[in-house]
Amino acid sequence: MARMKFLCDAERCIDCNACVTACKNENEVPWGINRRRVVTINDGKPGERSVSMACMHCTDPPCAAVCPVECIYPTEDGIVLHNKDQCIGCGYCFYACPFGAPQYPRVSNFGSRGKMDKCTYCAGGGGPEAPGSAEEFAKYGSDRFGEGKLPMCAEMCSTKSLLAGDGDVIGQIYKDRVDQRGYGSGAWGWLTAYHEDVDV
Amino acid sequence: MKGDAATEGTEPRGKSSVAIFLAHLRLATLALMLLAIAAAIPATAQQLAPDGAPNPTASGVNQQTLLKAEPRIEGYIDIPDTRARVLVQPAGRTWDRFHEVTLHWFGTIVIIGMIAILGVAYLVVGRLRISAGRSGRKVQRFSAFERFSHWLTAVSFVILGLTGLNITFGKILLLPVIGPDAFSGLSQVTKYIHNFTSFAFVIGLVLIVAIWFKDNIPRKVDIDWLKQGGGFIKSKHAPAGRFNAGEKAVFWLALLAGIAVTASGFLLLFPFYVTNILGMQVAQVVHAVIAVLFVAVILAHIYIGTLGMEGAFEAMGTGEVDLNWAKEHHDLWLQDQLAKEQRPAPSSADD
């Protein structure tokens, strides 16, 4: 089974935010929720780099470990899904997530959080809803993965900076790029997410 | 070495070694600063392309260099969500380890350990009886308002304790028994109960502190009480005022732990209102560790107030204690009470 991963080649990211828009549109994510975002390091200074970040679908996912109701789990493809029916909105997954991926809609009292929402790798939800059903789409968004397609963010990336797919394949693509151009700022988040880096 | 010798010659030996130490410290600091600057240079220096030509686009920030320099990589973001500025924070995995390994062990050892200690105390020391037996005469110990304040705090503490422990231990103890859907429904309800009961607890704590602060200020008699083992070690009862040193310890621990769990709890209740991700993680660690210790202290408090001592519970139950119980445990306080009863109080200001 392929191990699905994301890789953002920061030397190619132009901070166009098309991935953010593609994600919001594809999954009809509610207002105020950003499953994917682009962060610019050293903005306006020499050496500025932008990185597109969402859930990295970690190996040994810390969000799943800390969840008090155990509603988050990795699939056999390494995609981290969750069941919104069981989520209690405690916010612990956000404290544990190295990438700030979990998002919470605001509900009523204090800073009370609703059911957690995050990138599903466009693979639908982790709940009991039938894959590709309207109920699943309303709660979790698109199930492109079930149709054999990759996440919309990576598919829409104009510079092919954001790569999605089998970790070995996209790791090799990045490695080849670095070999050819002679530099690279690293596979952002890989060491933290997958306990391994792309050896360049 | 030359400088060292010079200072040694002119100043007393002790002082000169301090001066040498400070000089070394300054040198070490300078060296460290130089090292830090040296380490920062390659990150910004221009790298060379494979053909040896300087490459202007190769001077970009490097992930590993950034992570070595600071625990979190932060940047600029187009959306007005400051939390989203943090790109990578490996500390999330550290917090995960604390929450899933350290806290589980710490909580288990402290709470089960306290229950074990209390069990041994019950088996070895047993229930502390009123040595002289009951006199049948009652003395008012706590007013209705004092008891209300105590029970407001106590009931809310038990609710907070159980609902809090559910968040940490529920998935190990309860989830396999009642199943994931029932457990998640229960946890959703207990989360709200925990959030709202916190206010009752804070009100109770404020009342308790306001009412009993004066009587809990440590006095000389407390040292004697501690020296005599508080009546636990010897069968003889140590003198004590309204509250003995043990009760005072519970009072101050409850106040300090109460402040810590309240402050950290409100940070968690209003996430990211005043702090960032590091602050939230620290708040959770403080909240969990202090709460576990607090539960252990209160378990001991509950034991001594119910099973552990005859005649103690009625003080908070009906508000009246037996005269002989008061004589044995709070003799100085009883003297004052009886003196007050004998001669009617001349004025309310005479307190």
# chains A, B, ... in the order shown; residues from 1 in each chain; ligands from 1

$ residues_around --residues "Asp43 of chain A" --least-positions-apart "6" --cutoff "12 Å" --atoms "only C-alpha atoms" --output "number ranges by chain"
A: 15, 49-51; B: 60-61, 74-78, 85

$ closest_atom_pairs --of "chain B" --to "chain A" --cutoff "8 Å" --atoms "only C-alpha atoms" --output "JSON lines"
{"residue": "B:Thr44", "atom": "CA", "partner": "A:Gly47", "partner_atom": "CA", "distance": 7.4}
{"residue": "B:Gln47", "atom": "CA", "partner": "A:Tyr183", "partner_atom": "CA", "distance": 8.0}
{"residue": "B:Leu48", "atom": "CA", "partner": "A:Gly182", "partner_atom": "CA", "distance": 7.8}
{"residue": "B:Ala49", "atom": "CA", "partner": "A:Gly182", "partner_atom": "CA", "distance": 5.4}
{"residue": "B:Pro50", "atom": "CA", "partner": "A:Gly182", "partner_atom": "CA", "distance": 5.5}
{"residue": "B:Thr57", "atom": "CA", "partner": "A:Gly47", "partner_atom": "CA", "distance": 7.5}
{"residue": "B:Ala58", "atom": "CA", "partner": "A:Tyr183", "partner_atom": "CA", "distance": 6.1}
{"residue": "B:Ser59", "atom": "CA", "partner": "A:Gly47", "partner_atom": "CA", "distance": 5.2}
{"residue": "B:Gly60", "atom": "CA", "partner": "A:Gly47", "partner_atom": "CA", "distance": 3.6}
{"residue": "B:Val61", "atom": "CA", "partner": "A:Gly47", "partner_atom": "CA", "distance": 5.4}
{"residue": "B:Asn62", "atom": "CA", "partner": "A:Ser185", "partner_atom": "CA", "distance": 4.4}
{"residue": "B:Gln63", "atom": "CA", "partner": "A:Ser185", "partner_atom": "CA", "distance": 6.0}
{"residue": "B:Gln64", "atom": "CA", "partner": "A:Gly186", "partner_atom": "CA", "distance": 7.5}
{"residue": "B:Ile73", "atom": "CA", "partner": "A:Ile41", "partner_atom": "CA", "distance": 8.0}
{"residue": "B:Glu74", "atom": "CA", "partner": "A:Ile41", "partner_atom": "CA", "distance": 6.8}
{"residue": "B:Gly75", "atom": "CA", "partner": "A:Ile41", "partner_atom": "CA", "distance": 4.4}
{"residue": "B:Tyr76", "atom": "CA", "partner": "A:Thr40", "partner_atom": "CA", "distance": 4.9}
{"residue": "B:Ile77", "atom": "CA", "partner": "A:Val39", "partner_atom": "CA", "distance": 5.1}
{"residue": "B:Asp78", "atom": "CA", "partner": "A:Val38", "partner_atom": "CA", "distance": 7.8}
{"residue": "B:Arg83", "atom": "CA", "partner": "A:Gly100", "partner_atom": "CA", "distance": 7.6}
{"residue": "B:Ala84", "atom": "CA", "partner": "A:Gly100", "partner_atom": "CA", "distance": 6.5}
{"residue": "B:Arg85", "atom": "CA", "partner": "A:Val39", "partner_atom": "CA", "distance": 6.4}
{"residue": "B:Val86", "atom": "CA", "partner": "A:Gly100", "partner_atom": "CA", "distance": 7.0}
{"residue": "B:Leu87", "atom": "CA", "partner": "A:Phe99", "partner_atom": "CA", "distance": 5.8}
{"residue": "B:Val88", "atom": "CA", "partner": "A:Phe99", "partner_atom": "CA", "distance": 4.9}
{"residue": "B:Gln89", "atom": "CA", "partner": "A:Pro98", "partner_atom": "CA", "distance": 4.5}
{"residue": "B:Pro90", "atom": "CA", "partner": "A:Pro98", "partner_atom": "CA", "distance": 5.1}
{"residue": "B:Ala91", "atom": "CA", "partner": "A:Pro98", "partner_atom": "CA", "distance": 6.8}
{"residue": "B:Gly92", "atom": "CA", "partner": "A:Ala96", "partner_atom": "CA", "distance": 4.0}
{"residue": "B:Arg93", "atom": "CA", "partner": "A:Ala96", "partner_atom": "CA", "distance": 5.9}
{"residue": "B:Thr94", "atom": "CA", "partner": "A:Ala96", "partner_atom": "CA", "distance": 8.0}
{"residue": "B:Trp95", "atom": "CA", "partner": "A:Ala96", "partner_atom": "CA", "distance": 6.0}
{"residue": "B:Asp96", "atom": "CA", "partner": "A:Ala96", "partner_atom": "CA", "distance": 5.5}
{"residue": "B:His99", "atom": "CA", "partner": "A:Val66", "partner_atom": "CA", "distance": 6.7}
{"residue": "B:Glu100", "atom": "CA", "partner": "A:Val66", "partner_atom": "CA", "distance": 6.4}
{"residue": "B:Ile167", "atom": "CA", "partner": "A:Pro68", "partner_atom": "CA", "distance": 5.5}
{"residue": "B:Thr168", "atom": "CA", "partner": "A:Pro68", "partner_atom": "CA", "distance": 6.5}
{"residue": "B:Gly170", "atom": "CA", "partner": "A:Pro68", "partner_atom": "CA", "distance": 7.3}
{"residue": "B:Lys171", "atom": "CA", "partner": "A:Pro68", "partner_atom": "CA", "distance": 6.0}
{"residue": "B:Leu175", "atom": "CA", "partner": "A:Val69", "partner_atom": "CA", "distance": 7.7}
{"residue": "B:Pro180", "atom": "CA", "partner": "A:Val69", "partner_atom": "CA", "distance": 7.2}
{"residue": "B:Asp181", "atom": "CA", "partner": "A:Gln86", "partner_atom": "CA", "distance": 6.3}
{"residue": "B:Phe183", "atom": "CA", "partner": "A:Val69", "partner_atom": "CA", "distance": 7.1}
{"residue": "B:Ser184", "atom": "CA", "partner": "A:Gln86", "partner_atom": "CA", "distance": 5.1}
{"residue": "B:Gly185", "atom": "CA", "partner": "A:Gln86", "partner_atom": "CA", "distance": 7.2}
{"residue": "B:Ser187", "atom": "CA", "partner": "A:Ile88", "partner_atom": "CA", "distance": 6.9}
{"residue": "B:Gln188", "atom": "CA", "partner": "A:Ile88", "partner_atom": "CA", "distance": 5.0}
{"residue": "B:Lys191", "atom": "CA", "partner": "A:Cys90", "partner_atom": "CA", "distance": 7.7}
{"residue": "B:Leu269", "atom": "CA", "partner": "A:Gly111", "partner_atom": "CA", "distance": 6.5}
{"residue": "B:Phe270", "atom": "CA", "partner": "A:Gly111", "partner_atom": "CA", "distance": 4.8}
{"residue": "B:Pro271", "atom": "CA", "partner": "A:Gly111", "partner_atom": "CA", "distance": 6.0}
{"residue": "B:Ile277", "atom": "CA", "partner": "A:Tyr95", "partner_atom": "CA", "distance": 6.6}
{"residue": "B:Met280", "atom": "CA", "partner": "A:Tyr95", "partner_atom": "CA", "distance": 7.1}
{"residue": "B:Gln281", "atom": "CA", "partner": "A:Tyr95", "partner_atom": "CA", "distance": 6.1}

$ write_last_selection --atoms "C-alpha atoms" --output "PDB file, in the first residue's frame"
ATOM      1  CA  THR B  44      22.244  33.744   5.139  1.00  0.00           C
ATOM      2  CA  GLN B  47      25.229  29.116  -1.618  1.00  0.00           C
ATOM      3  CA  LEU B  48      26.849  28.055  -4.843  1.00  0.00           C
ATOM      4  CA  ALA B  49      25.151  26.326  -7.738  1.00  0.00           C
ATOM      5  CA  PRO B  50      26.614  23.000  -9.010  1.00  0.00           C
ATOM      6  CA  THR B  57      17.942  32.236  -5.312  1.00  0.00           C
ATOM      7  CA  ALA B  58      19.831  29.727  -3.209  1.00  0.00           C
ATOM      8  CA  SER B  59      20.028  31.957  -0.127  1.00  0.00           C
ATOM      9  CA  GLY B  60      16.599  30.951   1.095  1.00  0.00           C
ATOM     10  CA  VAL B  61      15.790  30.069   4.681  1.00  0.00           C
ATOM     11  CA  ASN B  62      16.461  26.469   5.574  1.00  0.00           C
ATOM     12  CA  GLN B  63      14.078  24.442   7.650  1.00  0.00           C
ATOM     13  CA  GLN B  64      16.615  22.578   9.763  1.00  0.00           C
ATOM     14  CA  ILE B  73       8.904  28.322  12.803  1.00  0.00           C
ATOM     15  CA  GLU B  74       6.626  31.335  12.437  1.00  0.00           C
ATOM     16  CA  GLY B  75       5.976  33.511   9.466  1.00  0.00           C
ATOM     17  CA  TYR B  76       3.585  35.935   7.823  1.00  0.00           C
ATOM     18  CA  ILE B  77       0.131  34.867   6.743  1.00  0.00           C
ATOM     19  CA  ASP B  78      -2.599  36.533   4.706  1.00  0.00           C
ATOM     20  CA  ARG B  83      -2.496  30.972  15.384  1.00  0.00           C
ATOM     21  CA  ALA B  84      -2.042  30.038  11.731  1.00  0.00           C
ATOM     22  CA  ARG B  85       1.263  31.947  11.618  1.00  0.00           C
ATOM     23  CA  VAL B  86       3.020  29.028  13.274  1.00  0.00           C
ATOM     24  CA  LEU B  87       4.177  26.810  10.433  1.00  0.00           C
ATOM     25  CA  VAL B  88       5.862  23.994  12.351  1.00  0.00           C
ATOM     26  CA  GLN B  89       6.019  23.357  16.106  1.00  0.00           C
ATOM     27  CA  PRO B  90       7.694  20.015  16.902  1.00  0.00           C
ATOM     28  CA  ALA B  91       6.812  20.731  20.566  1.00  0.00           C
ATOM     29  CA  GLY B  92       3.384  19.316  19.732  1.00  0.00           C
ATOM     30  CA  ARG B  93       4.929  15.874  19.810  1.00  0.00           C
ATOM     31  CA  THR B  94       6.563  16.676  23.167  1.00  0.00           C
ATOM     32  CA  TRP B  95       3.201  17.708  24.575  1.00  0.00           C
ATOM     33  CA  ASP B  96       1.714  14.524  23.135  1.00  0.00           C
ATOM     34  CA  HIS B  99      -0.159  13.867  27.847  1.00  0.00           C
ATOM     35  CA  GLU B 100      -0.088  10.214  26.843  1.00  0.00           C
ATOM     36  CA  ILE B 167     -10.717  13.498  29.778  1.00  0.00           C
ATOM     37  CA  THR B 168      -7.381  11.896  30.700  1.00  0.00           C
ATOM     38  CA  GLY B 170     -11.750   7.864  30.364  1.00  0.00           C
ATOM     39  CA  LYS B 171     -10.502   6.412  27.104  1.00  0.00           C
ATOM     40  CA  LEU B 175     -14.354   3.671  26.603  1.00  0.00           C
ATOM     41  CA  PRO B 180     -17.017   4.711  21.537  1.00  0.00           C
ATOM     42  CA  ASP B 181     -20.359   6.358  20.734  1.00  0.00           C
ATOM     43  CA  PHE B 183     -18.347   7.403  25.625  1.00  0.00           C
ATOM     44  CA  SER B 184     -18.103  10.319  23.218  1.00  0.00           C
ATOM     45  CA  GLY B 185     -21.651  11.442  24.100  1.00  0.00           C
ATOM     46  CA  SER B 187     -17.517  13.096  27.310  1.00  0.00           C
ATOM     47  CA  GLN B 188     -19.270  15.864  25.378  1.00  0.00           C
ATOM     48  CA  LYS B 191     -16.844  18.722  29.018  1.00  0.00           C
ATOM     49  CA  LEU B 269     -11.558  27.791  28.702  1.00  0.00           C
ATOM     50  CA  PHE B 270     -10.785  30.821  26.565  1.00  0.00           C
ATOM     51  CA  PRO B 271      -8.275  29.291  24.137  1.00  0.00           C
ATOM     52  CA  ILE B 277       0.328  27.700  21.363  1.00  0.00           C
ATOM     53  CA  MET B 280      -1.827  26.725  25.831  1.00  0.00           C
ATOM     54  CA  GLN B 281       0.433  23.683  26.149  1.00  0.00           C
TER      55      GLN B 281
END

$ atom_distance --atom1 "atom CA of Arg12 of chain A" --atom2 "atom CA of Asp117 of chain A"
28.0 Å

$ residues_around --residues "Ile115 of chain B" --least-positions-apart "5" --cutoff "12 Å" --atoms "only C-alpha atoms" --output "list of chain:residue names"
B:Thr108, B:Ile109, B:Val110, B:Val120, B:Ala121, B:Tyr122, B:Val295, B:Ala296, B:Val297, B:Ile298, B:Leu299, B:Ala300, B:His301, B:Ile302, B:Tyr303

$ atom_distance --atom1 "atom CA of Thr21 of chain A" --atom2 "atom CA of Arg177 of chain A"
26.1 Å

$ residues_around --residues "Val80 of chain A" --least-positions-apart "6" --cutoff "10 Å" --atoms "only C-alpha atoms" --output "PyMOL selection string"
chain A and resi 4+55-61+63-64+72-74+118-121+123+125-126

$ residues_around --residues "Cys23 of chain A" --least-positions-apart "2" --cutoff "8 Å" --atoms "only C-alpha atoms" --output "list of chain:residue names"
A:Cys19, A:Val20, A:Thr21, A:Asn25, A:Glu26, A:Asn27, A:Glu28, A:Val29, A:Arg35, A:Arg36, A:Met152, A:Cys153

$ write_last_selection --atoms "N, CA and C atoms" --output "mmCIF file, in the first residue's frame"
data_model
loop_
_atom_site.group_PDB
_atom_site.id
_atom_site.type_symbol
_atom_site.label_atom_id
_atom_site.label_comp_id
_atom_site.auth_asym_id
_atom_site.auth_seq_id
_atom_site.Cartn_x
_atom_site.Cartn_y
_atom_site.Cartn_z
ATOM 1 N N CYS A 19 -3.823 26.881 -3.725
ATOM 2 C CA CYS A 19 -4.092 25.640 -3.000
ATOM 3 C C CYS A 19 -5.163 25.864 -1.934
ATOM 4 N N VAL A 20 -5.078 27.037 -1.266
ATOM 5 C CA VAL A 20 -6.049 27.375 -0.220
ATOM 6 C C VAL A 20 -7.431 27.497 -0.832
ATOM 7 N N THR A 21 -7.484 28.202 -1.962
ATOM 8 C CA THR A 21 -8.754 28.424 -2.629
ATOM 9 C C THR A 21 -9.321 27.130 -3.187
ATOM 10 N N ASN A 25 -12.871 25.531 -2.085
ATOM 11 C CA ASN A 25 -13.903 25.335 -3.095
ATOM 12 C C ASN A 25 -14.280 23.869 -3.242
ATOM 13 N N GLU A 26 -13.276 23.020 -3.293
ATOM 14 C CA GLU A 26 -13.522 21.594 -3.511
ATOM 15 C C GLU A 26 -14.324 20.990 -2.358
ATOM 16 N N ASN A 27 -13.972 21.400 -1.138
ATOM 17 C CA ASN A 27 -14.597 20.786 0.036
ATOM 18 C C ASN A 27 -15.715 21.626 0.640
ATOM 19 N N GLU A 28 -15.966 22.795 0.035
ATOM 20 C CA GLU A 28 -16.975 23.730 0.543
ATOM 21 C C GLU A 28 -16.815 23.919 2.052
ATOM 22 N N VAL A 29 -15.597 24.304 2.418
ATOM 23 C CA VAL A 29 -15.247 24.499 3.819
ATOM 24 C C VAL A 29 -15.932 25.764 4.332
ATOM 25 N N ARG A 35 -8.379 24.798 6.036
ATOM 26 C CA ARG A 35 -7.707 23.503 6.129
ATOM 27 C C ARG A 35 -6.274 23.607 5.631
ATOM 28 N N ARG A 36 -6.063 24.503 4.706
ATOM 29 C CA ARG A 36 -4.719 24.714 4.178
ATOM 30 C C ARG A 36 -4.402 26.194 4.227
ATOM 31 N N MET A 152 -7.071 18.139 -4.207
ATOM 32 C CA MET A 152 -7.262 19.240 -5.146
ATOM 33 C C MET A 152 -6.166 20.297 -5.027
ATOM 34 N N CYS A 153 -5.699 20.560 -3.799
ATOM 35 C CA CYS A 153 -4.679 21.603 -3.585
ATOM 36 C C CYS A 153 -3.435 21.325 -4.422
#
